[in-house]
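Novice: Contents of protein.tsv (TSV, C-alpha atoms and all ligand atoms) are given next:
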chain	number	residue	atom	x	y	z
B	1	MET	CA	103.25	64.60	135.12
B	2	THR	CA	104.68	61.93	132.82
B	3	PRO	CA	103.21	62.35	129.37
B	4	LYS	CA	102.01	59.35	127.46
B	5	GLY	CA	103.74	59.10	124.12
B	6	LEU	CA	107.08	59.97	122.60
B	7	VAL	CA	108.50	63.27	121.41
B	8	LEU	CA	109.81	62.82	117.89
B	9	VAL	CA	112.54	65.22	116.75
B	10	LYS	CA	113.35	66.00	113.11
B	11	SER	CA	116.35	68.30	112.99
B	12	SER	CA	119.88	68.26	111.60
B	13	ASN	CA	120.89	68.66	115.24
B	14	GLY	CA	118.89	65.78	116.75
B	15	GLN	CA	121.40	64.69	119.41
B	16	TRP	CA	121.60	68.26	120.69
B	17	TRP	CA	117.82	68.32	121.05
B	18	ARG	CA	117.87	64.99	122.89
B	19	LYS	CA	120.37	66.40	125.38
B	20	THR	CA	118.44	69.67	125.70
B	21	PHE	CA	115.13	67.90	126.40
B	22	ARG	CA	116.89	65.65	128.94
B	23	GLU	CA	117.88	68.81	130.83
B	24	LEU	CA	114.77	70.96	130.32
B	25	LEU	CA	111.95	68.46	129.94
B	26	PRO	CA	113.17	65.27	131.63
B	27	GLU	CA	109.65	63.85	131.84
B	28	VAL	CA	109.52	63.17	128.09
B	29	GLN	CA	111.12	60.41	126.07
B	30	VAL	CA	112.74	61.56	122.83
B	31	VAL	CA	113.25	59.67	119.58
B	32	LEU	CA	114.88	61.00	116.44
B	33	LEU	CA	113.16	60.56	113.09
B	34	GLU	CA	116.12	58.67	111.67
B	35	GLU	CA	116.19	56.14	114.51
B	36	GLU	CA	114.57	52.73	114.24
B	37	GLY	CA	112.77	50.51	116.71
B	38	TYR	CA	110.01	52.78	118.00
B	39	ASP	CA	106.32	52.33	117.32
B	40	PRO	CA	105.01	55.20	115.12
B	41	ALA	CA	101.68	54.91	116.95
B	42	SER	CA	103.40	55.93	120.20
B	43	VAL	CA	104.59	59.30	118.83
B	44	ALA	CA	102.47	62.03	120.44
B	45	TYR	CA	104.49	65.20	119.79
B	46	ALA	CA	106.85	66.23	116.99
B	47	VAL	CA	109.50	68.97	117.16
B	48	VAL	CA	110.62	69.68	113.62
B	49	TRP	CA	112.54	71.76	111.15
B	50	ASP	CA	112.00	70.94	107.48
B	51	PRO	CA	110.31	67.56	107.88
B	52	PRO	CA	110.13	65.31	104.81
B	53	ILE	CA	106.85	65.39	102.87
B	54	GLY	CA	104.62	62.54	104.05
B	55	MET	CA	106.24	62.30	107.48
B	56	PHE	CA	103.17	63.30	109.48
B	57	ALA	CA	100.97	60.63	107.89
B	58	ARG	CA	103.19	58.00	109.56
B	59	PHE	CA	102.16	59.12	113.06
B	60	PRO	CA	98.44	58.53	113.61
B	61	ASN	CA	98.38	59.71	117.24
B	62	LEU	CA	100.11	63.07	116.94
B	63	GLN	CA	98.74	65.65	119.36
B	64	CYS	CA	100.85	68.64	118.39
B	65	VAL	CA	103.77	69.73	116.23
B	66	VAL	CA	106.34	72.33	117.28
B	67	SER	CA	108.14	74.35	114.63
B	68	ILE	CA	111.80	75.00	115.43
B	69	GLY	CA	111.39	78.50	114.09
B	70	ALA	CA	108.86	81.25	113.55
B	71	GLY	CA	107.86	80.16	110.05
B	72	VAL	CA	105.71	77.09	109.43
B	73	SER	CA	105.76	76.80	105.64
B	74	HIS	CA	108.32	73.99	106.07
B	75	ILE	CA	105.52	72.03	107.81
B	76	LEU	CA	102.47	73.09	105.81
B	77	LYS	CA	104.15	72.38	102.46
B	78	ASP	CA	103.02	68.81	103.24
B	79	LYS	CA	99.57	68.75	101.65
B	80	ASP	CA	98.66	65.77	103.84
B	81	TYR	CA	99.37	67.64	107.06
B	82	PRO	CA	96.64	66.55	109.52
B	83	GLN	CA	94.64	69.79	109.86
B	84	ASN	CA	93.38	68.92	113.35
B	85	VAL	CA	96.90	68.75	114.84
B	86	PRO	CA	97.87	72.14	116.30
B	87	ILE	CA	101.21	73.71	115.40
B	88	ILE	CA	103.16	75.76	117.93
B	89	ARG	CA	105.70	78.13	116.40
B	90	THR	CA	108.78	79.43	118.16
B	91	ILE	CA	109.35	83.12	118.62
B	92	GLY	CA	110.26	85.35	121.53
B	93	LYS	CA	112.00	88.61	122.32
B	94	PRO	CA	115.54	87.49	121.31
B	95	LEU	CA	114.27	86.55	117.83
B	96	GLN	CA	112.46	89.89	117.50
B	97	THR	CA	115.62	91.74	118.52
B	98	LYS	CA	117.76	89.80	116.06
B	99	MET	CA	115.35	90.50	113.23
B	100	ALA	CA	115.20	94.20	114.09
B	101	GLU	CA	119.04	94.32	114.15
B	102	TYR	CA	119.20	92.74	110.70
B	103	VAL	CA	116.61	95.13	109.29
B	104	VAL	CA	118.38	98.18	110.73
B	105	LEU	CA	121.76	96.96	109.48
B	106	HIS	CA	120.56	96.51	105.91
B	107	VAL	CA	118.32	99.58	105.77
B	108	LEU	CA	121.25	101.70	106.98
B	109	ARG	CA	123.56	100.09	104.44
B	110	PHE	CA	121.33	101.44	101.68
B	111	HIS	CA	120.47	104.70	103.41
B	112	ARG	CA	124.09	105.63	104.26
B	113	ARG	CA	125.45	104.30	100.94
B	114	LEU	CA	127.78	101.90	102.68
B	115	ASP	CA	128.76	100.13	99.44
B	116	ASP	CA	129.92	103.46	97.94
B	117	VAL	CA	131.72	104.36	101.15
B	118	MET	CA	133.55	101.01	101.16
B	119	GLN	CA	134.49	101.38	97.51
B	120	ALA	CA	135.84	104.91	98.07
B	121	TYR	CA	137.76	103.66	101.09
B	122	ARG	CA	139.35	100.84	99.07
B	123	GLU	CA	140.40	103.39	96.43
B	124	LYS	CA	141.69	105.86	99.06
B	125	ASN	CA	139.24	108.29	97.50
B	126	TRP	CA	138.16	111.10	99.88
B	127	THR	CA	134.47	111.49	99.00
B	128	GLN	CA	132.04	112.94	101.49
B	129	TYR	CA	128.75	111.31	100.50
B	130	GLN	CA	125.69	113.30	101.44
B	131	THR	CA	122.64	111.32	102.46
B	132	PRO	CA	119.14	112.60	103.25
B	133	LEU	CA	117.78	112.77	106.76
B	134	ALA	CA	116.09	109.53	107.83
B	135	SER	CA	112.83	111.46	108.16
B	136	GLU	CA	112.98	112.15	104.41
B	137	VAL	CA	113.26	108.43	103.60
B	138	THR	CA	110.24	106.10	103.59
B	139	VAL	CA	110.80	102.49	104.59
B	140	GLY	CA	107.94	100.09	103.84
B	141	VAL	CA	107.55	96.94	105.93
B	142	MET	CA	105.41	94.14	104.51
B	143	GLY	CA	104.24	91.83	107.28
B	144	LEU	CA	103.55	93.37	110.69
B	145	GLY	CA	103.53	90.26	112.83
B	146	ASN	CA	105.75	89.38	115.76
B	147	LEU	CA	108.88	90.20	113.80
B	148	GLY	CA	107.70	92.86	111.34
B	149	ALA	CA	106.01	95.05	113.96
B	150	VAL	CA	109.16	95.27	116.10
B	151	ALA	CA	111.34	95.99	113.06
B	152	ALA	CA	108.93	98.73	111.90
B	153	LYS	CA	108.85	100.34	115.36
B	154	THR	CA	112.66	100.21	115.61
B	155	LEU	CA	113.00	101.98	112.25
B	156	SER	CA	110.50	104.58	113.36
B	157	ASP	CA	112.54	105.16	116.53
B	158	LEU	CA	115.50	105.91	114.23
B	159	ARG	CA	113.30	108.64	112.69
B	160	PHE	CA	112.65	106.98	109.33
B	161	ARG	CA	109.20	107.56	107.92
B	162	VAL	CA	107.78	104.04	108.21
B	163	VAL	CA	104.77	102.63	106.41
B	164	GLY	CA	103.56	99.10	107.04
B	165	TRP	CA	101.31	96.64	105.24
B	166	SER	CA	99.57	93.49	106.36
B	167	ARG	CA	96.47	91.44	105.69
B	168	ARG	CA	94.31	92.90	108.44
B	169	GLY	CA	96.33	95.96	109.47
B	170	ARG	CA	97.16	96.83	113.07
B	171	SER	CA	98.15	99.88	115.02
B	172	ILE	CA	101.89	100.44	115.63
B	173	GLU	CA	103.17	103.64	117.18
B	174	GLY	CA	104.96	105.79	114.61
B	175	VAL	CA	103.93	103.61	111.64
B	176	GLU	CA	101.32	104.41	108.97
B	177	VAL	CA	99.57	101.12	108.38
B	178	TYR	CA	97.87	99.91	105.19
B	179	LYS	CA	95.99	96.67	104.78
B	180	GLY	CA	95.09	94.15	102.13
B	181	LYS	CA	95.46	94.11	98.38
B	182	ALA	CA	93.19	97.16	98.04
B	183	GLN	CA	95.77	99.37	99.80
B	184	LEU	CA	98.93	97.81	98.39
B	185	ARG	CA	99.49	100.46	95.71
B	186	GLU	CA	99.03	103.31	98.17
B	187	PHE	CA	101.40	101.61	100.63
B	188	LEU	CA	104.10	101.22	97.99
B	189	SER	CA	103.72	104.62	96.38
B	190	SER	CA	106.32	106.44	98.49
B	191	VAL	CA	108.63	103.60	99.53
B	192	SER	CA	112.41	104.00	99.05
B	193	ILE	CA	113.37	100.83	100.90
B	194	LEU	CA	110.96	97.87	100.92
B	195	VAL	CA	111.41	95.22	103.63
B	196	SER	CA	109.41	91.99	103.34
B	197	ILE	CA	108.94	89.93	106.48
B	198	LEU	CA	105.93	88.02	105.19
B	199	PRO	CA	105.31	84.34	105.86
B	200	GLN	CA	104.99	82.00	102.90
B	201	THR	CA	101.35	81.11	102.34
B	202	PRO	CA	99.31	80.51	99.19
B	203	ALA	CA	98.34	84.21	99.36
B	204	THR	CA	101.87	85.60	99.70
B	205	GLU	CA	103.65	83.32	97.23
B	206	ASN	CA	105.17	85.39	94.37
B	207	VAL	CA	103.91	88.61	95.93
B	208	LEU	CA	107.24	90.35	95.27
B	209	CYS	CA	106.85	90.48	91.51
B	210	LYS	CA	106.93	92.79	88.49
B	211	GLU	CA	103.57	94.40	89.35
B	212	VAL	CA	104.76	95.31	92.84
B	213	PHE	CA	108.14	96.60	91.62
B	214	GLU	CA	106.28	98.82	89.15
B	215	MET	CA	104.28	100.39	91.98
B	216	ILE	CA	107.44	101.46	93.87
B	217	PRO	CA	109.24	104.72	93.01
B	218	ASP	CA	112.26	104.29	90.71
B	219	GLY	CA	115.57	103.51	92.40
B	220	ALA	CA	114.11	101.80	95.48
B	221	PHE	CA	115.80	98.96	97.36
B	222	LEU	CA	114.40	95.57	98.39
B	223	ILE	CA	115.19	93.52	101.48
B	224	ASN	CA	113.58	90.06	101.53
B	225	ILE	CA	113.70	88.22	104.83
B	226	GLY	CA	110.35	86.38	104.80
B	227	ARG	CA	110.62	83.43	102.44
B	228	GLY	CA	112.19	82.87	99.02
B	229	GLU	CA	108.89	81.67	97.58
B	230	ASN	CA	107.47	85.17	98.03
B	231	LEU	CA	109.91	86.61	95.45
B	232	VAL	CA	109.85	86.12	91.67
B	233	GLU	CA	113.60	86.03	91.13
B	234	SER	CA	113.43	86.66	87.37
B	235	ASP	CA	111.27	89.78	87.94
B	236	LEU	CA	113.79	91.01	90.50
B	237	LEU	CA	116.68	90.56	88.05
B	238	THR	CA	114.76	92.45	85.35
B	239	ALA	CA	113.99	95.30	87.76
B	240	LEU	CA	117.62	95.50	88.90
B	241	ASN	CA	119.00	95.38	85.36
B	242	SER	CA	116.66	98.09	84.13
B	243	GLY	CA	117.51	100.34	87.08
B	244	LYS	CA	113.92	100.22	88.37
B	245	LEU	CA	115.33	98.82	91.60
B	246	ALA	CA	118.72	100.04	92.83
B	247	GLY	CA	119.68	97.05	94.96
B	248	ALA	CA	118.52	94.08	96.97
B	249	THR	CA	119.46	92.20	100.11
B	250	LEU	CA	118.19	88.65	100.10
B	251	ASP	CA	118.29	86.30	103.08
B	252	VAL	CA	115.86	83.56	101.99
B	253	PHE	CA	115.56	81.51	98.80
B	254	ARG	CA	113.31	78.92	97.18
B	255	GLU	CA	116.13	76.39	97.33
B	256	GLU	CA	118.48	76.59	100.29
B	257	PRO	CA	121.46	76.53	100.15
B	258	LEU	CA	121.26	78.76	97.06
B	259	SER	CA	122.88	76.96	94.13
B	260	VAL	CA	126.39	78.20	93.31
B	261	ASP	CA	125.18	78.67	89.72
B	262	ASP	CA	122.38	81.03	90.66
B	263	PRO	CA	122.85	84.40	88.89
B	264	LEU	CA	121.97	86.26	92.08
B	265	TRP	CA	125.37	85.46	93.62
B	266	ALA	CA	127.23	87.40	90.94
B	267	HIS	CA	124.83	90.30	90.54
B	268	PRO	CA	126.57	93.57	91.46
B	269	LYS	CA	123.41	95.02	93.01
B	270	VAL	CA	122.60	92.02	95.20
B	271	LEU	CA	123.86	91.12	98.67
B	272	ILE	CA	123.13	87.59	99.78
B	273	THR	CA	123.02	86.47	103.39
B	274	CYS	CA	122.48	82.81	104.17
B	275	HIS	CA	119.13	82.69	106.02
B	276	THR	CA	120.71	84.23	109.08
B	277	ALA	CA	118.50	87.30	109.63
B	278	ALA	CA	117.00	85.90	112.79
B	279	ALA	CA	118.33	82.39	113.07
B	280	ILE	CA	117.03	80.99	116.30
B	281	ASP	CA	119.60	80.87	119.08
B	282	PRO	CA	119.73	77.17	120.04
B	283	LYS	CA	119.84	77.76	123.80
B	284	VAL	CA	117.01	80.31	123.87
B	285	GLY	CA	115.03	78.35	121.26
B	286	GLY	CA	115.43	75.16	123.33
B	287	GLU	CA	114.10	76.91	126.42
B	288	ILE	CA	111.08	78.36	124.60
B	289	ILE	CA	110.26	75.06	122.93
B	290	ALA	CA	110.59	73.01	126.13
B	291	SER	CA	108.39	75.52	127.98
B	292	ASN	CA	105.72	75.57	125.25
B	293	LEU	CA	105.67	71.79	124.97
B	294	ARG	CA	105.35	71.39	128.74
B	295	LYS	CA	102.41	73.83	128.75
B	296	PHE	CA	100.74	71.89	125.93
B	297	ILE	CA	101.25	68.54	127.67
B	298	MET	CA	99.80	69.94	130.91
B	299	GLY	CA	96.78	71.30	129.08
B	300	GLN	CA	97.73	74.94	129.72
B	301	GLU	CA	97.33	77.80	127.26
B	302	VAL	CA	100.20	77.89	124.78
B	303	PRO	CA	101.23	81.09	122.98
B	304	ASP	CA	101.93	81.24	119.27
B	305	ILE	CA	99.54	78.61	117.99
B	306	VAL	CA	99.38	78.75	114.19
B	307	ASP	CA	96.22	79.47	112.23
B	308	ILE	CA	96.56	76.46	109.94
B	309	GLU	CA	93.85	77.65	107.58
B	310	GLN	CA	95.64	80.97	106.97
B	311	GLY	CA	99.03	79.21	106.86
B	312	TYR	CA	100.83	81.35	109.48
B	401	LIG	P1	103.53	86.47	112.05
B	401	LIG	O1	102.68	85.31	111.72
B	401	LIG	O2	103.59	86.97	113.44
B	401	LIG	O3	103.14	87.70	111.11
B	401	LIG	C1	102.91	87.55	109.76
B	401	LIG	C2	102.52	88.90	109.19
B	401	LIG	O4	102.31	88.77	107.78
B	401	LIG	C3	101.23	89.44	109.78
B	401	LIG	O5	101.30	90.83	109.96
B	401	LIG	C4	100.19	89.10	108.71
B	401	LIG	O6	99.09	89.97	108.63
B	401	LIG	C5	101.04	89.28	107.46
B	401	LIG	N1	100.42	88.55	106.34
B	401	LIG	C6	100.20	87.23	106.24
B	401	LIG	N2	99.59	86.95	105.08
B	401	LIG	C7	99.43	88.13	104.45
B	401	LIG	C8	98.85	88.51	103.21
B	401	LIG	N3	98.30	87.61	102.39
B	401	LIG	N4	98.85	89.81	102.88
B	401	LIG	C9	99.38	90.74	103.71
B	401	LIG	N5	99.94	90.44	104.91
B	401	LIG	C10	99.96	89.16	105.26
B	401	LIG	O7	105.00	86.08	111.54
B	401	LIG	P2	106.42	86.54	112.10
B	401	LIG	O8	106.48	88.02	112.11
B	401	LIG	O9	106.75	85.82	113.33
B	401	LIG	O10	107.36	85.94	110.94
B	401	LIG	C11	107.15	86.28	109.59
B	401	LIG	C12	107.97	85.37	108.70
B	401	LIG	O11	109.35	85.70	108.78
B	401	LIG	C13	107.96	83.89	109.07
B	401	LIG	O12	106.78	83.27	108.62
B	401	LIG	C14	109.18	83.38	108.34
B	401	LIG	O13	108.83	83.03	107.01
B	401	LIG	C15	110.10	84.59	108.31
B	401	LIG	N6	111.27	84.41	109.18
B	401	LIG	C16	112.50	84.55	108.61
B	401	LIG	C17	113.62	84.45	109.38
B	401	LIG	C18	114.97	84.64	108.79
B	401	LIG	O14	115.98	84.42	109.48
B	401	LIG	N7	115.07	85.07	107.55
B	401	LIG	C19	113.55	84.16	110.82
B	401	LIG	C20	112.20	84.04	111.30
B	401	LIG	C21	111.11	84.16	110.51
B	401	LIG	P3	98.04	90.11	109.86
B	401	LIG	O15	98.81	90.84	110.94
B	401	LIG	O16	96.98	90.92	109.28
B	401	LIG	O17	97.67	88.73	110.25
B	402	LIG	C1	112.28	80.83	111.04
B	402	LIG	C2	113.44	81.03	110.21
B	402	LIG	O1	111.19	80.60	110.51
B	402	LIG	O2	114.57	80.96	110.72
B	402	LIG	O3	112.42	80.91	112.28
B	402	LIG	O4	113.28	81.28	109.00
Go ahead and render the structure in this file as structure tokens.
Specialist:
Amino acid sequence: MTPKGLVLVKSSNGQWWRKTFRELLPEVQVVLLEEEGYDPASVAYAVVWDPPIGMFARFPNLQCVVSIGAGVSHILKDKDYPQNVPIIRTIGKPLQTKMAEYVVLHVLRFHRRLDDVMQAYREKNWTQYQTPLASEVTVGVMGLGNLGAVAAKTLSDLRFRVVGWSRRGRSIEGVEVYKGKAQLREFLSSVSILVSILPQTPATENVLCKEVFEMIPDGAFLINIGRGENLVESDLLTALNSGKLAGATLDVFREEPLSVDDPLWAHPKVLITCHTAAAIDPKVGGEIIASNLRKFIMGQEVPDIVDIEQGY
């Protein structure tokens, strides 16, 4: 079936997407946002990462938008986003595995005191650090969606005590689940390592703030992988400097790339990774996106449609 209308791509890697669609979805015609000479009214589908504000208003006949990634805050930050145009987000097993790997890596870094071990090694200092059993350590996972649920289950399989928190709650084997604001304090009350894999929505913005840090036991660690907008950076610095929090791993930031002047870079208790926790693998991502778009065009059921009203 030859679809009517163009597929518009907004990506820093537009030519790669053109080639990928030629191979995987040859029935569509691709234009890149930066190109000229196409009629905006003929754009029917958009495949985007970080589109400029106002972009969607230029295309009156859009039928769907595909996010090159699991998150959609880069799309919904546009207040004029046409609410009747469905958004398909991109996830899949490889992304879940990557995210779980990242979470395990950074939880174990804190749990097994890797920074101290590395320091002792550099000093040729024979210190045998004792660490508690995983079952004596509580890891809290905020956000139990496609990525958070798999990360929580993986930690539980490693024998950590795992508690999870989400808006509506859900059942995950080996995980004690709490839901909503009413159960936030109880969720946080025993957490030694807090992992946030929340989307950015109006309800989650600034959720990682002073009030939350005060609800966690002293000396806990934070890992933020969801979105930078969910964290109040100044509250984090205060909590780290006072010793309330013992350390943080941050993968996402309000402004990316993080400015070289940002105090987080130099903070001794902070490790920064550059939004790489579960960066989508281009080949796998291309295959998922081409398959989802084909399903949409053919009128078939498409997985991972976003609830635009909730923002994720
Ligand atoms: P999902 O949409 O599958 O899950 C989101 C989870 O967050 C759900 O459990 C949802 O609760 C919960 N949630 C949403 N709003 C609230 C709220 N107000 N209070 C409590 N819980 C809430 O998302 P994914 O798991 O696929 O991805 C999560 C986020 O991870 C993405 O939106 C993106 O920002 C980020 N991400 C980061 C990457 C990186 O490399 N750093 C890579 C990929 C994604 P409920 O289950 O009740 O609906
Ligand atoms: C995503 C991301 O949303 O990489 O997929 O952050």
Novice: I need the residue nearest ligand LIG 401 (chain B) from this list: B:Gly299, B:Pro86, B:Gly71, B:Gly140. Use all atoms listed in the file for the distance.
Specialist: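 Selected residue with least distance to ligand LIG 401 (chain B): B:Gly71.
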Novice: Using all atoms listed in the file, find each residue with an atom at most 7 Å away from ligand LIG 402 (chain B) and format the answer as a compact mmCIF listing (two decimals) with C-alpha atoms, in the coordinates of the input.
Specialist:
# COMPACT_ATOMS: atom_id res chain seq x y z
CA ILE B 68 111.80 75.00 115.43
CA GLY B 69 111.39 78.50 114.09
CA ALA B 70 108.86 81.25 113.55
CA GLY B 71 107.86 80.16 110.05
CA VAL B 72 105.71 77.09 109.43
CA HIS B 275 119.13 82.69 106.02
CA ALA B 278 117.00 85.90 112.79
CA ALA B 279 118.33 82.39 113.07
CA ILE B 280 117.03 80.99 116.30
Novice: Enumerate as JSON, numbers by chain the residues within 8 Å of ligand LIG 401 (chain B), counting all atoms listed in the file.
Specialist: {"B": [69, 70, 71, 72, 73, 91, 95, 99, 142, 143, 144, 145, 146, 147, 148, 149, 165, 166, 167, 168, 169, 170, 179, 180, 181, 197, 198, 199, 200, 201, 202, 203, 204, 224, 225, 226, 227, 251, 252, 275, 276, 277, 278, 279, 280, 306, 310, 311, 312]}
Novice: Could you please determine the separation between atom CA of B:Arg113 and atom CA of B:Lys153 in Å, to one decimal place?
Specialist: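 Spanning atom CA of B:Arg113 to atom CA of B:Lys153 is a straight-line distance of 22.3 Å.
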Novice: Could you name the residues that touch B:Leu245 at 7 Å or less, counting only C-alpha atoms, but leaving out those on the same chain fewer than 2 positions away, as a list of chain:residue names?
Specialist: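 Answer for this query is B:Asp218, B:Gly219, B:Ala220, B:Phe221, B:Ala239, B:Leu240, B:Gly243, B:Gly247.
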Novice: Starting from 3 Å padding per side, set up an axis-aligned box that covers all listed atoms of stretch 195-213 of chain B and hand over centre and edge lengths in Å, one decimal, as JSON.
Specialist:
{"center_x": 104.9, "center_y": 88.6, "center_z": 97.5, "size_x": 19.1, "size_y": 22.1, "size_z": 24.0}
Novice: Between B:His111, B:His74, B:His267, B:Lys124, which one has atoms that come closest to B:Ile193, using all atoms listed in the file?
Specialist: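 Of the candidates, the smallest distance to B:Ile193 is held by B:His111.
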Novice: Sorted by chain and rising residue number, list the residues of stretch 131-179 of chain B at most 12 Å from stretch 214-217 of chain B (counting all atoms listed in the file), each with its closest atom pair and distance in Å to one decimal, as a Markdown table.
Specialist:
| residue | atom | partner | partner_atom | distance |
| --- | --- | --- | --- | --- |
| B:Val137 | CA | B:Pro217 | CA | 11.9 |
| B:Thr138 | CA | B:Pro217 | CA | 10.7 |
| B:Val139 | CA | B:Ile216 | CA | 11.3 |
| B:Gly140 | CA | B:Ile216 | CA | 10.1 |
Novice: Which residue is closest to B:Ile288? Choose from B:Ile88, B:Val65, B:Val28, B:Leu264 and count all atoms listed in the file.
Specialist: B:Ile88
Novice: Between atom CA of B:Ile87 and atom CA of B:Leu231, what distance in Å does the model show, to one decimal?
Specialist: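 So the answer is 25.3 Å.
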Novice: Grab the atom CA of B:Lys210 to atom CA of B:Leu237 distance for me, in Å with one decimal place.
Specialist: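 Interatomic distance here is 10.0 Å.
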Novice: So that I can see what lies close to B:Gly14, please list as a ChimeraX atom specification the residues with an atom at most 10 Å from it, counting all atoms listed in the file and leaving out residues fewer than 3 positions away in the same chain.
Specialist: /B:8-11,17-20,30-34,47-48
Novice: Would you please work out which residue, of B:Phe187, B:Ile308, B:Trp16, B:Lys269, is nearest to B:Pro82 when using all atoms listed in the file?
Specialist: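 Using all atoms listed in the file, B:Pro82 sits closest to B:Ile308.
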Novice: If you count all atoms listed in the file, which residues fall within 9 Å of B:Ala151, apart from same-chain ones fewer than 6 positions away, as a list in words?
Specialist: Gln96, Thr97, Met99, Ala100, Glu101, Tyr102, Val103, Val104, Val141 and Leu144 of chain B
Novice: When distances are computed from only C-alpha atoms, which of B:Phe59, B:Phe160, B:Phe21, B:Tyr121 shows the smallest separation from B:Arg294?
Specialist: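 For B:Arg294, the nearest of the candidates is B:Phe21.
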Novice: Using only C-alpha atoms, which protein or nucleic acid residues come within 8 Å of B:Leu271? Drop anything in the same chain fewer than 4 positions from it, and give the result as a list of chain:residue names.
Specialist: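 Skipping anything fewer than 4 positions along the chain leaves B:Ala248, B:Thr249, B:Leu250, B:Trp265.
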Novice: So, counting all atoms listed in the file, which residue among B:Ala120, B:Arg58, B:Glu301, B:Tyr45 is closest to B:Val85?
Specialist: B:Tyr45
Novice: Skipping near chain neighbours, those fewer than 2 positions away, what residues fall within 9 Å of B:Tyr81 using all atoms listed in the file, listed as an MDAnalysis selection string?
Specialist: chainID B and resid 53:57 75:79 83:85
Novice: My structure is short of atoms at stretch 137-148 of chain B; please model N, CA, C and O atoms there, returning them as a short mmCIF file (atom, residue, chain, number, x, y, z; two decimals), in the coordinates of the input.
Specialist:
data_model
loop_
_atom_site.label_atom_id
_atom_site.label_comp_id
_atom_site.auth_asym_id
_atom_site.auth_seq_id
_atom_site.Cartn_x
_atom_site.Cartn_y
_atom_site.Cartn_z
N VAL B 137 113.21 109.73 104.28
CA VAL B 137 113.26 108.43 103.60
C VAL B 137 112.11 107.56 104.11
O VAL B 137 111.93 107.42 105.33
N THR B 138 111.35 106.97 103.17
CA THR B 138 110.24 106.10 103.59
C THR B 138 110.66 104.64 103.49
O THR B 138 111.09 104.18 102.42
N VAL B 139 110.55 103.94 104.59
CA VAL B 139 110.80 102.49 104.59
C VAL B 139 109.44 101.81 104.70
O VAL B 139 108.62 102.16 105.56
N GLY B 140 109.20 100.83 103.81
CA GLY B 140 107.94 100.09 103.84
C GLY B 140 108.18 98.69 104.38
O GLY B 140 109.08 98.00 103.91
N VAL B 141 107.40 98.29 105.36
CA VAL B 141 107.55 96.94 105.93
C VAL B 141 106.31 96.13 105.59
O VAL B 141 105.18 96.49 105.96
N MET B 142 106.50 95.05 104.85
CA MET B 142 105.41 94.14 104.51
C MET B 142 105.41 93.00 105.53
O MET B 142 106.42 92.30 105.66
N GLY B 143 104.29 92.83 106.21
CA GLY B 143 104.24 91.83 107.28
C GLY B 143 104.49 92.52 108.60
O GLY B 143 105.61 92.98 108.87
N LEU B 144 103.45 92.64 109.41
CA LEU B 144 103.55 93.37 110.69
C LEU B 144 103.22 92.44 111.84
O LEU B 144 102.47 92.78 112.74
N GLY B 145 103.78 91.24 111.78
CA GLY B 145 103.53 90.26 112.83
C GLY B 145 104.53 90.42 113.96
O GLY B 145 105.04 91.52 114.21
N ASN B 146 104.83 89.33 114.61
CA ASN B 146 105.75 89.38 115.76
C ASN B 146 107.09 89.99 115.40
O ASN B 146 107.70 90.68 116.21
N LEU B 147 107.56 89.70 114.19
CA LEU B 147 108.88 90.20 113.80
C LEU B 147 108.77 91.55 113.08
O LEU B 147 109.50 92.48 113.37
N GLY B 148 107.82 91.64 112.14
CA GLY B 148 107.70 92.86 111.34
C GLY B 148 107.34 94.07 112.18
O GLY B 148 107.86 95.18 111.95
#
